[in-house]
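A quick write-up on the structure given underneath.
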Amino acid sequence: MAIENKKFVLGFTLIVLLIGLTPHILAEEEGEEEREDLILSRFSSDDLKLVTDDESEQWLNSYETEIDSSWDHEIEIKSLNNGHDLFFLISWVDDTNSVNQNFDGLSLILETKEIEKSMTFKIEEDEEYEEEYETHNDTTDIQTTINEETWVWQTDNSTSPDIFVNAEWIHDKWNVVVKRELIVDEIGEIKMGEQTKVFLKVAVWDGNKNQSFDSLDKDNIPELELLVLPEINSFPKDIYVWSAILAIGTGSFLISEIKKHQEVENP
Amino acid sequence: MKESSFLNSRLGWNRIFSHPVPKHANKFSYVLGGTLIILGIVQGITGVMLQQVYTPDPNLGGAYDSLLFITSSMSFAFVRNLHYWGAQIMMAIAILHMIRVYISGSYKKPRELQWLAGVGLLVLLFGFAFSGTILKYDQEGVEALHEQEEFGEILGAVGSFFTSHLAPHVPLLTKVYASHVTVIPLITVPVLALHLILIRILGISSPKSKDGKDILDTVEPFSSHVKKMIIYGLGITFIAAILAVFLPADLGMRGVEGIEITKPSWYMMWAFGLDELSGFKTIPVVGAIAIAVLAAVPIFDRKAQTDPRTRKFMIAGLIVFVSLFTILAIFGAISGR
């Protein structure tokens, strides 16, 4: 009876623990802050191609960033790199495809900025202990533009021969894939380094609504930080080795203990 | 050693090493716990060496840059790799040791407290490994630190130790470093001492027959057990050294706050798999339940018998646990991110 009671108490404690912690976890999940001003260009060792299908296997493994940009166009941006080239897939809804007149278009504005960290401190007072201490109040990035490069693609042309593009208008949506060379420390003329960050502005326009690159309000396009990721532990294969060690260990210990008992029973 | 020798007359050396232990205790599966002590000593030595060149500062020129220095120096890179592989192997051996103790029913009366101390040591080992991951302060480290802060927030006031609330002017990384090199070792030493003292007092467990009586084995002196511990411990350290030479420890990109793109180490991958499957951060609840269930094992199984064939429920529980651990870990490795 005493044992049954202990089991009951234990079970009850576990349930209370579970019920008590779950709302905190759910709330934490909802309140989690994620940076939305970032384009993560995932590394891929696959043979990357100018595939426009955003549901293709190539793009399924990429991160997506959604922004409201020029003329309130909702733009989805995905990016991949293979260490040599940088790929972007830029998609937006456009129900008035206009190939022959009033061209639709896309512009990528790459900008590098030198970042300096400026830290401010303030003195806080602990009333309980009547002590003053200095707290790190805020870190501000002071940004100095080093370089800016604007590339424009329209349904009739592209401004740079070094940039490859494949565009498809399907189901009232533009899917444009852009490929440009990536050098480890430089993107074209744009340098990437420890204290140099690359920012990207993406703007699109609908020619049939009298929108164009020339009428673009460039200062009001959201600026996104571009992070070209190296290969990361996206598929840690050592899990198979450790799992096998645990499984084999469990099996062999079990057999060994059973044998030990059998030997005693049948000496 | 002679009864009248210098050390024996002063330390009672023979009383320790001539203590009888059952012969089966010298099998590899029963020496796993002892090899952890040898590996722990190696971890301590390599850890102190790394301490000399590590800066526990999250800012530019701090932790990550000291890791860049360590990986660029052949000798320090080897020390770090050995520290890393030592930790990985320790984790695997600790789990295997726990499994062996579970299968052989060594947690049964009168060794419940010994089992509890073992559970505590396993939790502390996870603490060492987790804080060590944070210290390298690459992308995985930054994300792990964020996880720690979230965990601290969930615990409320109790969790302030894990967050920056307690002293906002001290970087959290510096506090994690302090935990890794002082707080966790300081807790580990007395728990380990309790574990070892109880082994000395209660002896190494022997299998019990169906009627609950000890099945007596021939005995050997404790010195033979220590010899095995040292041989296996050094052998495993040698394997870790070979791995350290040929498979360097990972150092990812410089950490960027606010993104989650990496996956945890293999021993935490089950939690990542569970998170991916459920869509929630499950580790605080599932981790707490797992620790509570492990601690309660001696309450669940109070029969005297140790033969696995007579403990079908307990063995089934173990198989479910190992299967879940493996399946969730593999799922975590191949899914998401």
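Residues are referred to by chain and number: the chain letter is A, B, ... according to the order shown in the structure tokens, the number counts from 1 in that chain, and ligands are numbered separately from 1 in the order shown.
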So that I can see what lies close to stretch 135-139 of chain B, please list as a ChimeraX atom specification the residues with an atom at most 6 Å from it, counting only C-alpha atoms and leaving out residues fewer than 2 positions away in the same chain. /B:64,132-133,141-142,252-255
Could you save the residues just selected, with N, CA and C atoms, as a PDB file, in the first residue's frame?
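Everything below was put into out.pdb:
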```pdb
ATOM      1  N   TYR B  64      35.395  34.227 -28.779  1.00  0.00           N
ATOM      2  CA  TYR B  64      35.512  33.591 -30.102  1.00  0.00           C
ATOM      3  C   TYR B  64      36.911  33.773 -30.669  1.00  0.00           C
ATOM      4  N   GLY B 132      30.153  24.097 -21.693  1.00  0.00           N
ATOM      5  CA  GLY B 132      31.323  24.039 -22.587  1.00  0.00           C
ATOM      6  C   GLY B 132      30.955  24.435 -24.007  1.00  0.00           C
ATOM      7  N   THR B 133      29.767  24.030 -24.436  1.00  0.00           N
ATOM      8  CA  THR B 133      29.304  24.401 -25.781  1.00  0.00           C
ATOM      9  C   THR B 133      29.149  25.912 -25.879  1.00  0.00           C
ATOM     10  N   GLY B 141      27.257  28.221 -29.832  1.00  0.00           N
ATOM     11  CA  GLY B 141      27.407  28.720 -28.464  1.00  0.00           C
ATOM     12  C   GLY B 141      26.440  29.850 -28.149  1.00  0.00           C
ATOM     13  N   VAL B 142      26.302  30.779 -29.082  1.00  0.00           N
ATOM     14  CA  VAL B 142      25.392  31.915 -28.885  1.00  0.00           C
ATOM     15  C   VAL B 142      23.951  31.412 -28.761  1.00  0.00           C
ATOM     16  N   GLY B 252      32.226  26.784 -35.289  1.00  0.00           N
ATOM     17  CA  GLY B 252      31.370  27.371 -36.320  1.00  0.00           C
ATOM     18  C   GLY B 252      31.683  28.831 -36.559  1.00  0.00           C
ATOM     19  N   MET B 253      30.783  29.468 -37.277  1.00  0.00           N
ATOM     20  CA  MET B 253      30.957  30.892 -37.597  1.00  0.00           C
ATOM     21  C   MET B 253      30.789  31.750 -36.339  1.00  0.00           C
ATOM     22  N   ARG B 254      31.304  32.960 -36.395  1.00  0.00           N
ATOM     23  CA  ARG B 254      31.123  33.891 -35.278  1.00  0.00           C
ATOM     24  C   ARG B 254      29.629  34.050 -35.021  1.00  0.00           C
ATOM     25  N   GLY B 255      29.251  34.018 -33.761  1.00  0.00           N
ATOM     26  CA  GLY B 255      27.833  33.993 -33.415  1.00  0.00           C
ATOM     27  C   GLY B 255      27.086  35.253 -33.798  1.00  0.00           C
TER      28      GLY B 255
END
```
Residues of chain B within 8 Å of chain A, counting only C-alpha atoms, what are they? List them as a PyMOL selection string. chain B and resi 29+92+95-96+99-100+103-104+150+154+168-169+207+209+215+252-253+258-259+261-263+266+280-282+284-285+289+292+296+299-300+307-309+322+326+329-330+333-334+337
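Here atom CA of B:Glu112 stands at a distance of 6.0 Å from atom CA of B:Pro298.
Our summary of the geometry notes that atom CA of B:Val293 is positioned 14.3 Å from atom CA of B:Phe313.
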Residues within 9 Å of A:Thr96, please, as a PyMOL selection string. Count only C-alpha atoms; anything in the same chain fewer than 3 positions from it doesn't count. chain A and resi 104+172+206-209
Using only C-alpha atoms, determine which residues lie at most 9 Å from B:Ala129, disregarding the query and same-chain residues fewer than 5 positions distant; provide the list as a short mmCIF file (atom, residue, chain, number, x, y, z; two decimals) with C-alpha atoms, in the first residue's frame.
```
data_model
loop_
_atom_site.label_atom_id
_atom_site.label_comp_id
_atom_site.auth_asym_id
_atom_site.auth_seq_id
_atom_site.Cartn_x
_atom_site.Cartn_y
_atom_site.Cartn_z
CA ALA B 87 33.74 15.22 -23.17
CA GLN B 88 31.93 13.36 -25.95
CA MET B 91 28.98 11.52 -21.98
CA LEU B 124 26.21 17.71 -13.71
CA ILE B 134 28.43 27.98 -24.82
CA HIS B 180 32.02 25.69 -15.93
#
```
Determine, counting only C-alpha atoms, which protein, DNA and RNA residues have an atom within 8 Å of an atom of B:Lys228; residues of the same chain fewer than 4 positions away are not included. Present the result as a count of residues only. 4
Might you pull out every residue within 12 Å of B:Leu186, with only C-alpha atoms counted and same-chain residues fewer than 6 positions away left off, and present them as a PDB file with N, CA and C atoms, in the first residue's frame?
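Here's the written file around.pdb:
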```pdb
ATOM      1  N   LEU B 121      25.255  13.127 -10.782  1.00  0.00           N
ATOM      2  CA  LEU B 121      26.503  13.267 -11.540  1.00  0.00           C
ATOM      3  C   LEU B 121      26.225  13.353 -13.043  1.00  0.00           C
ATOM      4  N   LEU B 124      25.064  16.798 -13.755  1.00  0.00           N
ATOM      5  CA  LEU B 124      26.214  17.708 -13.706  1.00  0.00           C
ATOM      6  C   LEU B 124      27.083  17.579 -14.960  1.00  0.00           C
ATOM      7  N   PHE B 128      28.238  20.405 -17.503  1.00  0.00           N
ATOM      8  CA  PHE B 128      29.587  20.655 -18.018  1.00  0.00           C
ATOM      9  C   PHE B 128      29.559  20.771 -19.539  1.00  0.00           C
ATOM     10  N   ALA B 178      32.412  30.973 -15.335  1.00  0.00           N
ATOM     11  CA  ALA B 178      32.615  30.762 -13.895  1.00  0.00           C
ATOM     12  C   ALA B 178      31.932  29.467 -13.450  1.00  0.00           C
ATOM     13  N   SER B 179      30.738  29.208 -13.984  1.00  0.00           N
ATOM     14  CA  SER B 179      30.033  27.970 -13.633  1.00  0.00           C
ATOM     15  C   SER B 179      30.819  26.753 -14.098  1.00  0.00           C
ATOM     16  N   HIS B 180      31.328  26.834 -15.337  1.00  0.00           N
ATOM     17  CA  HIS B 180      32.024  25.688 -15.933  1.00  0.00           C
ATOM     18  C   HIS B 180      33.287  25.325 -15.158  1.00  0.00           C
ATOM     19  N   LEU B 192      30.374  13.300  -6.178  1.00  0.00           N
ATOM     20  CA  LEU B 192      31.222  12.178  -6.583  1.00  0.00           C
ATOM     21  C   LEU B 192      31.786  11.478  -5.346  1.00  0.00           C
ATOM     22  N   ALA B 193      32.179  12.281  -4.368  1.00  0.00           N
ATOM     23  CA  ALA B 193      32.719  11.707  -3.126  1.00  0.00           C
ATOM     24  C   ALA B 193      31.669  10.819  -2.452  1.00  0.00           C
TER      25      ALA B 193
END
```
Find the residues near B:Leu32: any atom within 7 Å, counting only C-alpha atoms, skip ones fewer than 3 places away on the same chain, and give them as a ChimeraX atom specification. /B:28-29,35-36,93,97
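In the backbone-derived DSSP annotation, strand (DSSP E or B) within stretch 9-199 of chain B comprises Pro20, Val21, Pro22 and Asp138 of chain B.
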Restrict the selected residues to C-alpha atoms and save them as a PDB file, in the first residue's frame.
```pdb
ATOM      1  CA  PRO B  20      37.711  -7.395  -1.637  1.00  0.00           C
ATOM      2  CA  VAL B  21      35.620  -6.839  -4.758  1.00  0.00           C
ATOM      3  CA  PRO B  22      33.708  -9.522  -6.688  1.00  0.00           C
ATOM      4  CA  ASP B 138      30.415  30.454 -32.097  1.00  0.00           C
TER       5      ASP B 138
END
```
Can you list every residue in stretch 152-232 of chain B that DSSP puts in helix (DSSP H, G or I), as a ChimeraX atom specification? /B:152-162,172-202,222-232
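Of the residues listed (B:Ala304, B:Leu216, B:Ala241, B:Met229), B:Leu216 shows the shortest atom-to-atom separation from B:Lys23; distances use only C-alpha atoms.
The residue that comes closest to B:Arg302, out of B:Ser265, B:Ser106, B:Ser205, B:Thr218 and on the basis of only C-alpha atoms, is B:Ser106.
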